[in-house]
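Participant: What follows is the file protein-v3.txt, containing compact mmCIF, C-alpha atoms:
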```txt
# COMPACT_ATOMS: atom_id res chain seq x y z
CA MET A 81 -0.36 -16.30 30.28
CA GLU A 82 -3.65 -16.37 28.39
CA LEU A 83 -5.12 -13.23 29.99
CA LEU A 84 -2.14 -11.20 28.80
CA LYS A 85 -2.10 -12.67 25.29
CA LYS A 86 -5.79 -11.86 24.96
CA ARG A 87 -5.15 -8.30 26.09
CA ILE A 88 -2.29 -7.88 23.62
CA LEU A 89 -4.50 -9.11 20.78
CA GLU A 90 -7.32 -6.80 21.84
CA ASP A 91 -5.42 -3.63 22.71
CA GLY A 92 -1.93 -3.92 21.24
CA VAL A 93 -1.13 -2.10 18.02
CA VAL A 94 1.65 -3.16 15.64
CA LEU A 95 3.46 -0.17 14.15
CA ASN A 96 5.67 -0.30 11.06
CA GLY A 97 5.45 -4.06 11.00
CA ASN A 98 7.69 -4.68 14.00
CA ILE A 99 6.92 -2.37 16.94
CA LEU A 100 4.28 -3.48 19.42
CA LYS A 101 2.53 -0.57 21.10
CA VAL A 102 0.90 -1.60 24.37
CA ASP A 103 0.78 1.78 26.01
CA SER A 104 -2.91 1.54 26.84
CA PHE A 105 -2.25 -0.99 29.60
CA LEU A 106 1.49 -1.60 30.09
CA ASN A 107 3.91 1.28 29.65
CA HIS A 108 2.15 4.63 29.56
CA GLN A 109 -1.28 3.92 30.97
CA MET A 110 -1.00 1.05 33.45
CA ASP A 111 -3.61 -1.54 34.40
CA VAL A 112 -2.85 -2.22 38.03
CA ALA A 113 -5.27 -5.15 38.34
CA LEU A 114 -3.54 -6.82 35.39
CA PHE A 115 -0.14 -6.14 36.99
CA ASN A 116 -1.34 -8.05 40.05
CA GLU A 117 -2.06 -11.02 37.79
CA PHE A 118 1.53 -10.73 36.52
CA GLY A 119 2.64 -10.82 40.15
CA LYS A 120 0.75 -14.05 40.86
CA GLU A 121 2.17 -15.67 37.76
CA PHE A 122 5.78 -14.61 38.42
CA LYS A 123 5.42 -15.89 41.99
CA ARG A 124 4.28 -19.25 40.61
CA ARG A 125 7.16 -19.42 38.15
CA PHE A 126 9.84 -18.35 40.63
CA SER A 127 8.40 -20.19 43.64
CA ASP A 128 11.39 -22.49 43.93
CA THR A 129 13.87 -19.74 44.84
CA LYS A 130 14.03 -17.24 47.67
CA VAL A 131 13.83 -13.63 46.47
CA THR A 132 15.16 -10.86 48.72
CA LYS A 133 14.93 -7.98 46.29
CA ILE A 134 13.44 -7.00 42.93
CA LEU A 135 15.50 -4.97 40.48
CA THR A 136 14.05 -3.15 37.50
CA ILE A 137 14.92 -0.22 35.27
CA GLU A 138 13.26 3.15 34.77
CA ALA A 139 10.74 4.04 33.62
CA SER A 140 8.25 1.44 32.45
CA GLY A 141 9.58 -1.39 34.61
CA ILE A 142 8.83 0.47 37.83
CA GLY A 143 5.06 0.15 38.02
CA ILE A 144 5.17 -3.55 37.17
CA ALA A 145 7.96 -4.28 39.66
CA THR A 146 6.29 -2.52 42.60
CA ILE A 147 3.03 -4.39 42.11
CA VAL A 148 4.86 -7.70 41.55
CA ALA A 149 6.82 -7.20 44.81
CA GLN A 150 3.57 -7.54 46.75
CA HIS A 151 3.48 -11.16 45.65
CA PHE A 152 7.01 -11.70 46.98
CA ASP A 153 6.38 -10.66 50.59
CA ASN A 154 6.82 -6.96 49.82
CA VAL A 155 10.56 -7.27 49.20
CA PRO A 156 12.24 -3.93 48.40
CA VAL A 157 12.18 -2.83 44.76
CA VAL A 158 15.18 -1.00 43.32
CA PHE A 159 15.07 0.71 39.97
CA ALA A 160 18.23 1.27 37.97
CA LYS A 161 18.62 4.77 36.58
CA LYS A 162 19.33 5.57 32.97
CA VAL A 163 19.51 9.30 33.49
CA ASP A 164 22.39 10.93 35.29
CA ASP A 165 21.44 11.55 38.91
CA SER A 166 23.85 13.76 40.79
CA LYS A 167 22.46 12.52 44.12
CA LEU A 168 23.82 9.04 43.36
CA GLY A 169 27.39 10.35 43.48
CA ASN A 170 30.15 7.86 42.81
CA ASN A 171 28.75 5.20 45.08
CA VAL A 172 27.28 3.22 42.20
CA TYR A 173 27.47 0.00 40.28
CA GLN A 174 27.12 0.77 36.61
CA SER A 175 26.97 -1.06 33.33
CA TYR A 176 27.08 0.20 29.77
CA VAL A 177 24.01 -0.68 27.73
CA HIS A 178 23.18 -0.35 24.06
CA SER A 179 19.57 0.44 23.16
CA PHE A 180 18.62 -0.86 19.71
CA THR A 181 15.21 0.83 20.01
CA LYS A 182 16.73 4.26 20.52
CA ASN A 183 20.00 3.47 18.77
CA LYS A 184 22.17 4.89 21.53
CA ASP A 185 24.34 3.80 24.41
CA TYR A 186 23.79 4.70 28.02
CA PHE A 187 24.85 3.73 31.51
CA VAL A 188 22.49 2.02 33.93
CA ARG A 189 23.34 2.83 37.51
CA VAL A 190 22.35 1.50 40.91
CA SER A 191 23.53 2.79 44.27
CA LYS A 192 25.88 0.37 45.99
CA ASP A 193 23.75 0.78 49.10
CA PHE A 194 20.84 -1.14 47.61
CA VAL A 195 22.31 -4.23 45.99
CA ASN A 196 24.19 -6.22 48.57
CA GLU A 197 26.32 -9.31 48.71
CA GLY A 198 24.13 -12.37 49.09
CA ASP A 199 20.95 -10.67 47.81
CA GLN A 200 18.74 -13.00 45.80
CA ILE A 201 17.60 -10.72 43.03
CA LEU A 202 14.69 -11.12 40.66
CA ILE A 203 14.98 -8.79 37.66
CA ILE A 204 11.65 -7.56 36.24
CA ASP A 205 11.08 -5.65 33.01
CA ASP A 206 8.28 -4.98 30.56
CA PHE A 207 9.98 -6.08 27.33
CA LEU A 208 12.74 -8.45 26.29
CA ALA A 209 14.12 -8.02 22.77
CA ASN A 210 17.91 -7.96 22.43
CA GLY A 211 18.48 -8.43 26.14
CA CYS A 212 20.76 -5.43 26.53
CA ALA A 213 19.03 -3.88 29.54
CA ALA A 214 18.67 -7.23 31.32
CA LYS A 215 22.31 -8.03 30.62
CA GLY A 216 23.32 -4.71 32.19
CA LEU A 217 21.23 -5.41 35.28
CA ILE A 218 22.71 -8.91 35.64
CA ASP A 219 26.17 -7.35 35.37
CA ILE A 220 25.33 -4.93 38.19
CA VAL A 221 23.94 -7.72 40.39
CA ARG A 222 27.11 -9.75 39.90
CA GLN A 223 29.38 -6.76 40.57
CA ALA A 224 27.69 -6.63 43.99
CA ASN A 225 28.29 -10.36 44.56
CA ALA A 226 24.54 -10.78 44.68
CA ASN A 227 22.73 -13.60 42.89
CA PRO A 228 20.49 -12.95 39.86
CA ILE A 229 17.93 -15.69 40.45
CA GLY A 230 15.99 -14.90 37.30
CA VAL A 231 14.61 -12.45 34.82
CA GLY A 232 10.83 -12.01 34.68
CA ILE A 233 9.56 -10.38 31.50
CA VAL A 234 6.05 -9.37 30.55
CA ILE A 235 6.42 -9.49 26.74
CA GLU A 236 9.28 -11.26 24.99
CA LYS A 237 10.02 -10.82 21.31
CA GLY A 238 10.86 -14.45 20.67
CA PHE A 239 12.41 -13.72 17.30
CA GLN A 240 15.14 -11.56 18.83
CA PRO A 241 18.17 -12.87 20.72
CA GLY A 242 17.39 -11.59 24.25
CA ARG A 243 16.57 -14.96 25.78
CA GLU A 244 19.75 -16.53 24.44
CA VAL A 245 21.83 -13.61 25.74
CA ILE A 246 20.45 -14.05 29.26
CA GLU A 247 20.52 -17.85 29.30
CA ASN A 248 24.15 -17.72 28.16
CA LEU A 249 24.78 -15.79 31.39
CA ASP A 250 23.27 -18.77 33.27
CA VAL A 251 20.20 -16.87 34.35
CA LYS A 252 16.65 -18.23 34.08
CA VAL A 253 14.16 -16.29 31.94
CA GLU A 254 10.40 -16.40 32.39
CA SER A 255 8.20 -14.40 30.01
CA LEU A 256 4.45 -14.07 30.38
CA ALA A 257 3.87 -13.76 26.62
CA ILE A 258 6.31 -14.71 23.86
CA ILE A 259 5.76 -13.25 20.43
CA ASP A 260 6.71 -15.55 17.60
CA ARG A 261 6.29 -13.03 14.77
CA PHE A 262 4.37 -10.10 13.39
CA GLU A 263 2.56 -10.71 10.10
CA ASN A 264 0.40 -8.12 8.35
CA ASN A 265 0.46 -6.10 11.57
CA GLN A 266 -0.96 -9.06 13.52
CA VAL A 267 0.71 -10.60 16.56
CA TYR A 268 1.38 -14.34 16.59
CA PHE A 269 2.51 -15.97 19.83
CA LYS A 270 4.82 -18.93 20.28
CA MET B 1320 1.54 11.09 58.56
CA GLU B 1321 3.57 10.06 61.58
CA LEU B 1322 4.89 6.80 60.11
CA LEU B 1323 6.42 8.70 57.20
CA LYS B 1324 7.90 11.47 59.33
CA LYS B 1325 9.49 8.86 61.56
CA ARG B 1326 10.94 7.13 58.51
CA ILE B 1327 12.32 10.39 57.12
CA LEU B 1328 14.00 11.15 60.44
CA GLU B 1329 15.45 7.64 60.63
CA ASP B 1330 16.53 7.08 57.04
CA GLY B 1331 16.57 10.46 55.30
CA VAL B 1332 19.88 12.21 54.75
CA VAL B 1333 20.23 15.97 54.30
CA LEU B 1334 22.87 16.87 51.73
CA ASN B 1335 24.45 20.30 51.35
CA GLY B 1336 22.03 21.77 53.84
CA ASN B 1337 18.99 21.69 51.56
CA ILE B 1338 18.65 18.40 49.65
CA LEU B 1339 16.75 15.57 51.30
CA LYS B 1340 17.91 12.16 50.15
CA VAL B 1341 15.30 9.49 50.78
CA ASP B 1342 16.43 7.00 48.19
CA SER B 1343 16.54 4.11 50.64
CA PHE B 1344 12.73 3.91 50.72
CA LEU B 1345 11.14 6.38 48.29
CA ASN B 1346 12.82 7.08 44.98
CA HIS B 1347 15.53 4.57 44.21
CA GLN B 1348 14.86 1.68 46.54
CA MET B 1349 11.12 1.55 47.21
CA ASP B 1350 9.31 0.28 50.31
CA VAL B 1351 6.12 -1.16 48.89
CA ALA B 1352 4.48 -1.76 52.27
CA LEU B 1353 5.04 1.90 53.13
CA PHE B 1354 3.60 2.92 49.75
CA ASN B 1355 0.43 1.04 50.67
CA GLU B 1356 0.20 3.17 53.81
CA PHE B 1357 0.46 6.23 51.56
CA GLY B 1358 -2.41 4.80 49.53
CA LYS B 1359 -4.64 4.42 52.58
CA GLU B 1360 -3.87 7.95 53.69
CA PHE B 1361 -4.44 9.54 50.26
CA LYS B 1362 -7.74 7.63 50.00
CA ARG B 1363 -8.77 9.10 53.37
CA ARG B 1364 -7.80 12.62 52.33
CA PHE B 1365 -9.44 12.46 48.90
CA SER B 1366 -12.47 10.41 49.95
CA ASP B 1367 -14.93 13.19 49.14
CA THR B 1368 -14.26 13.16 45.39
CA LYS B 1369 -14.60 10.51 42.73
CA VAL B 1370 -11.27 9.63 41.11
CA THR B 1371 -11.31 7.99 37.66
CA LYS B 1372 -7.60 8.13 36.94
CA ILE B 1373 -4.25 8.78 38.58
CA LEU B 1374 -1.63 10.83 36.75
CA THR B 1375 2.03 10.92 37.75
CA ILE B 1376 5.37 11.67 36.14
CA GLU B 1377 8.34 9.47 35.42
CA ALA B 1378 10.34 8.09 37.05
CA SER B 1379 9.99 8.22 40.82
CA GLY B 1380 6.26 8.96 40.86
CA ILE B 1381 5.40 5.72 39.08
CA GLY B 1382 5.92 3.19 41.87
CA ILE B 1383 4.00 5.31 44.36
CA ALA B 1384 1.12 5.97 41.96
CA THR B 1385 0.62 2.32 40.99
CA ILE B 1386 0.45 1.21 44.61
CA VAL B 1387 -1.81 4.16 45.55
CA ALA B 1388 -4.20 3.26 42.70
CA GLN B 1389 -5.05 0.03 44.49
CA HIS B 1390 -6.70 2.14 47.18
CA PHE B 1391 -8.81 3.92 44.55
CA ASP B 1392 -10.50 0.85 43.05
CA ASN B 1393 -7.57 0.09 40.74
CA VAL B 1394 -8.19 3.12 38.52
CA PRO B 1395 -5.76 3.35 35.59
CA VAL B 1396 -2.44 5.08 36.25
CA VAL B 1397 -0.89 7.23 33.54
CA PHE B 1398 2.65 8.51 33.77
CA ALA B 1399 3.72 11.63 31.92
CA LYS B 1400 6.95 11.28 30.01
CA LYS B 1401 9.87 13.64 30.30
CA VAL B 1402 11.96 11.90 27.70
CA ASP B 1403 11.16 12.04 24.02
CA ASP B 1404 9.25 8.93 23.02
CA SER B 1405 8.86 8.50 19.28
CA LYS B 1406 6.02 6.03 19.84
CA LEU B 1407 3.90 8.86 21.28
CA GLY B 1408 3.86 10.65 17.92
CA ASN B 1409 2.02 13.95 17.74
CA ASN B 1410 -1.05 12.72 19.55
CA VAL B 1411 -0.02 14.32 22.84
CA TYR B 1412 -0.88 16.95 25.37
CA GLN B 1413 2.30 18.65 26.45
CA SER B 1414 3.42 21.31 28.87
CA TYR B 1415 6.76 23.04 29.30
CA VAL B 1416 8.31 22.59 32.73
CA HIS B 1417 11.30 24.15 34.43
CA SER B 1418 13.29 21.95 36.79
CA PHE B 1419 15.06 23.95 39.48
CA THR B 1420 16.76 20.77 40.75
CA LYS B 1421 18.35 20.07 37.39
CA ASN B 1422 18.30 23.67 36.18
CA LYS B 1423 16.83 22.84 32.83
CA ASP B 1424 13.57 23.00 30.92
CA TYR B 1425 11.76 20.04 29.48
CA PHE B 1426 8.40 19.01 28.07
CA VAL B 1427 6.10 16.65 29.90
CA ARG B 1428 3.92 14.70 27.53
CA VAL B 1429 0.86 12.49 27.83
CA SER B 1430 -0.90 10.71 24.99
CA LYS B 1431 -4.29 12.23 24.22
CA ASP B 1432 -5.71 8.72 24.34
CA PHE B 1433 -5.28 8.47 28.10
CA VAL B 1434 -6.54 11.74 29.54
CA ASN B 1435 -10.13 12.24 28.51
CA GLU B 1436 -12.80 14.87 28.87
CA GLY B 1437 -14.62 14.42 32.14
CA ASP B 1438 -11.86 12.38 33.79
CA GLN B 1439 -11.51 13.08 37.50
CA ILE B 1440 -7.77 13.07 37.90
CA LEU B 1441 -5.69 12.72 41.04
CA ILE B 1442 -2.09 13.79 40.48
CA ILE B 1443 0.49 11.92 42.57
CA ASP B 1444 4.17 12.72 42.97
CA ASP B 1445 6.98 12.06 45.41
CA PHE B 1446 8.14 15.64 46.06
CA LEU B 1447 6.65 19.12 45.93
CA ALA B 1448 9.10 22.03 45.96
CA ASN B 1449 8.51 24.75 43.38
CA GLY B 1450 5.46 23.05 41.93
CA CYS B 1451 6.69 23.12 38.34
CA ALA B 1452 6.01 19.47 37.54
CA ALA B 1453 2.58 19.52 39.21
CA LYS B 1454 1.71 22.72 37.38
CA GLY B 1455 2.62 21.08 34.06
CA LEU B 1456 0.45 18.06 34.87
CA ILE B 1457 -2.51 20.29 35.83
CA ASP B 1458 -2.06 22.13 32.55
CA ILE B 1459 -2.22 18.84 30.65
CA VAL B 1460 -5.33 17.71 32.54
CA ARG B 1461 -7.07 20.99 31.73
CA GLN B 1462 -6.04 20.87 28.06
CA ALA B 1463 -7.97 17.59 27.95
CA ASN B 1464 -11.02 19.18 29.61
CA ALA B 1465 -10.54 16.76 32.45
CA ASN B 1466 -10.77 17.79 36.11
CA PRO B 1467 -7.69 17.89 38.37
CA ILE B 1468 -9.37 16.92 41.63
CA GLY B 1469 -6.18 17.22 43.66
CA VAL B 1470 -2.46 16.80 44.01
CA GLY B 1471 -1.21 14.16 46.44
CA ILE B 1472 2.40 14.59 47.48
CA VAL B 1473 4.56 12.39 49.68
CA ILE B 1474 7.06 15.02 50.85
CA GLU B 1475 6.45 18.76 50.55
CA LYS B 1476 9.18 21.32 51.08
CA GLY B 1477 6.99 23.78 52.94
CA PHE B 1478 9.51 26.59 52.61
CA GLN B 1479 9.26 26.59 48.81
CA PRO B 1480 6.36 28.01 46.81
CA GLY B 1481 4.92 24.79 45.30
CA ARG B 1482 1.76 24.70 47.41
CA GLU B 1483 0.93 28.31 46.61
CA VAL B 1484 1.51 27.71 42.89
CA ILE B 1485 -0.96 24.80 42.88
CA GLU B 1486 -3.55 26.40 45.15
CA ASN B 1487 -3.50 29.48 42.91
CA LEU B 1488 -4.61 27.15 40.14
CA ASP B 1489 -7.58 26.20 42.34
CA VAL B 1490 -6.39 22.68 42.96
CA LYS B 1491 -6.31 21.02 46.39
CA VAL B 1492 -2.93 19.86 47.72
CA GLU B 1493 -2.46 17.09 50.27
CA SER B 1494 1.06 16.25 51.44
CA LEU B 1495 1.87 13.36 53.76
CA ALA B 1496 4.86 15.14 55.31
CA ILE B 1497 5.61 18.86 55.16
CA ILE B 1498 9.14 19.99 55.89
CA ASP B 1499 9.37 23.31 57.65
CA ARG B 1500 13.13 23.70 57.41
CA PHE B 1501 16.52 22.04 57.46
CA GLU B 1502 18.84 23.09 60.29
CA ASN B 1503 22.30 21.65 60.82
CA ASN B 1504 21.37 18.87 58.39
CA GLN B 1505 18.36 17.96 60.51
CA VAL B 1506 14.79 17.85 59.21
CA TYR B 1507 12.10 19.84 61.02
CA PHE B 1508 8.47 19.29 60.08
CA LYS B 1509 5.62 21.80 60.10
```
Output the file's structure in the form of structure tokens.
Facilitator:
Amino acid sequence: MELLKKRILEDGVVLNGNILKVDSFLNHQMDVALFNEFGKEFKRRFSDTKVTKILTIEASGIGIATIVAQHFDNVPVVFAKKVDDSKLGNNVYQSYVHSFTKNKDYFVRVSKDFVNEGDQILIIDDFLANGCAAKGLIDIVRQANANPIGVGIVIEKGFQPGREVIENLDVKVESLAIIDRFENNQVYFK
Amino acid sequence: MELLKKRILEDGVVLNGNILKVDSFLNHQMDVALFNEFGKEFKRRFSDTKVTKILTIEASGIGIATIVAQHFDNVPVVFAKKVDDSKLGNNVYQSYVHSFTKNKDYFVRVSKDFVNEGDQILIIDDFLANGCAAKGLIDIVRQANANPIGVGIVIEKGFQPGREVIENLDVKVESLAIIDRFENNQVYFK
């Protein structure tokens, strides 16, 4: 998606040679008009499959997923929780996820009320790197006997194994921008 | 807002006599069409003041705030972080907040890059009870010499002191539904 690549080149900052900071428009301050362009593009790329629900993960996936849902007939959006939420009780699907970024393990949890058998679920997230979060969400969808119809990612780090991890689970991946490499703190796309 | 009150009565669940669970449409599964109705209503209630930015707090404020922003000319949405984020560095405004719900204290943090002097900031959140989170966000806005033009809340617990806390800071509060009391696990509005 050219508009997004342009924005990354203009406003993204590469830290320590391998971290892409895009918090001016994606995951701290959010550009809602841009998110609507993501929605149009995801709709185009997933137009061949019925979507009944969008699943994302707190926190930075939430804004993107809610805006994207408008392009899929306002289907409900569910966000998986990383933080313990006593209100969820034991009525949850959960999956154990390793975060390489934060170098820790955590559970992602979704209430059993909101992922149902037969649901056609599009998973949306801001970044794909090692694929751990997406893998956890796919696991949850399958525990519910729902169908993960695809994973829609805004920025994929193409030099990390996330895509392979998800495709090995037989789930389609669509990323709006795929980074090939960082070189001298510059971003190069695939 | 009658549509919201009706939805709370239909789908809300009162737990332990004083906790309102609305996770089927507000803060776990999200009803995007309903959020757009919130946006229209907040726009009506804050139509007298220019808004240049919307500020919310992770996680459950984010979906609401992004949809609401569409009704304010797609102004940027910034979400304050509760969790330590190494990418933020030291370039932050922060405020110390007590959570009565979770009975713990935490910092809320916003990058100094995204709240600027002169910004006209509408604060959006899902719940208002004791007002601690909103108070922290107002503090951050004022540290930046920006102007907190108001606090827009989806559900206010009218029997708790949040409104008074915010109004004592000279900030306008608008809530879409105000709960007067819970009685026999039923919700009664003001």
Participant: Do you have the CA of Val221 (chain A)-CA of Val234 (chain A) distance handy?
Facilitator: 20.5 Å
Participant: For chain A, list the residues within 6 Å of chain B, counting only C-alpha atoms, and write the list as a PyMOL selection string.
Facilitator: chain A and resi 108-112+139+142-143+146+154+156-159
Participant: For Glu1502 (chain B), find every residue with an atom within 8 Å (counting only C-alpha atoms), except residues of its own chain fewer than 4 positions away, and show them as a compact mmCIF listing (two decimals) with C-alpha atoms, in the coordinates of the input.
Facilitator:
```txt
# COMPACT_ATOMS: atom_id res chain seq x y z
CA GLY B 1336 22.03 21.77 53.84
CA VAL B 1506 14.79 17.85 59.21
CA TYR B 1507 12.10 19.84 61.02
```
Participant: Distance CA of Gln1505 (chain B)-CA of Lys1491 (chain B), one decimal place?
Facilitator: 28.6 Å
Participant: What would the list of residues within 9 Å of (2.6, 15.7, 24.4) (file frame) look like as a ChimeraX atom specification, if only C-alpha atoms are what count?
Facilitator: /B:1399-1400,1407-1414,1426-1431,1459
Participant: In terms of the shortest atom-to-atom distance over only C-alpha atoms, which of A:Ile258, A:Val131, A:Cys212, A:Leu217 is closest to Ile88 (chain A)?
Facilitator: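 Residue with the minimum atom-to-atom distance to Ile88 (chain A): A:Ile258.
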Participant: Need the axis-aligned box for region 222-239 of chain A with 8 Å each side, so what are the centre and edges in Å to one decimal, as JSON?
Facilitator:
```
{"center_x": 17.7, "center_y": -11.2, "center_z": 31.0, "size_x": 39.3, "size_y": 25.1, "size_z": 43.4}
```
Participant: Between CA of Gln200 (chain A) and CA of Asn227 (chain A), what distance in Å does the model show, to one decimal?
Facilitator: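 Taking CA of Gln200 (chain A) as the start and CA of Asn227 (chain A) as the end point, the length is 5.0 Å.
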Participant: Got a sec: who's within 10 Å of Lys130 (chain A), counting all atoms listed in the file, leaving out chain neighbours fewer than 5 positions off, as a PyMOL selection string?
Facilitator: chain A and resi 152+199-202+229
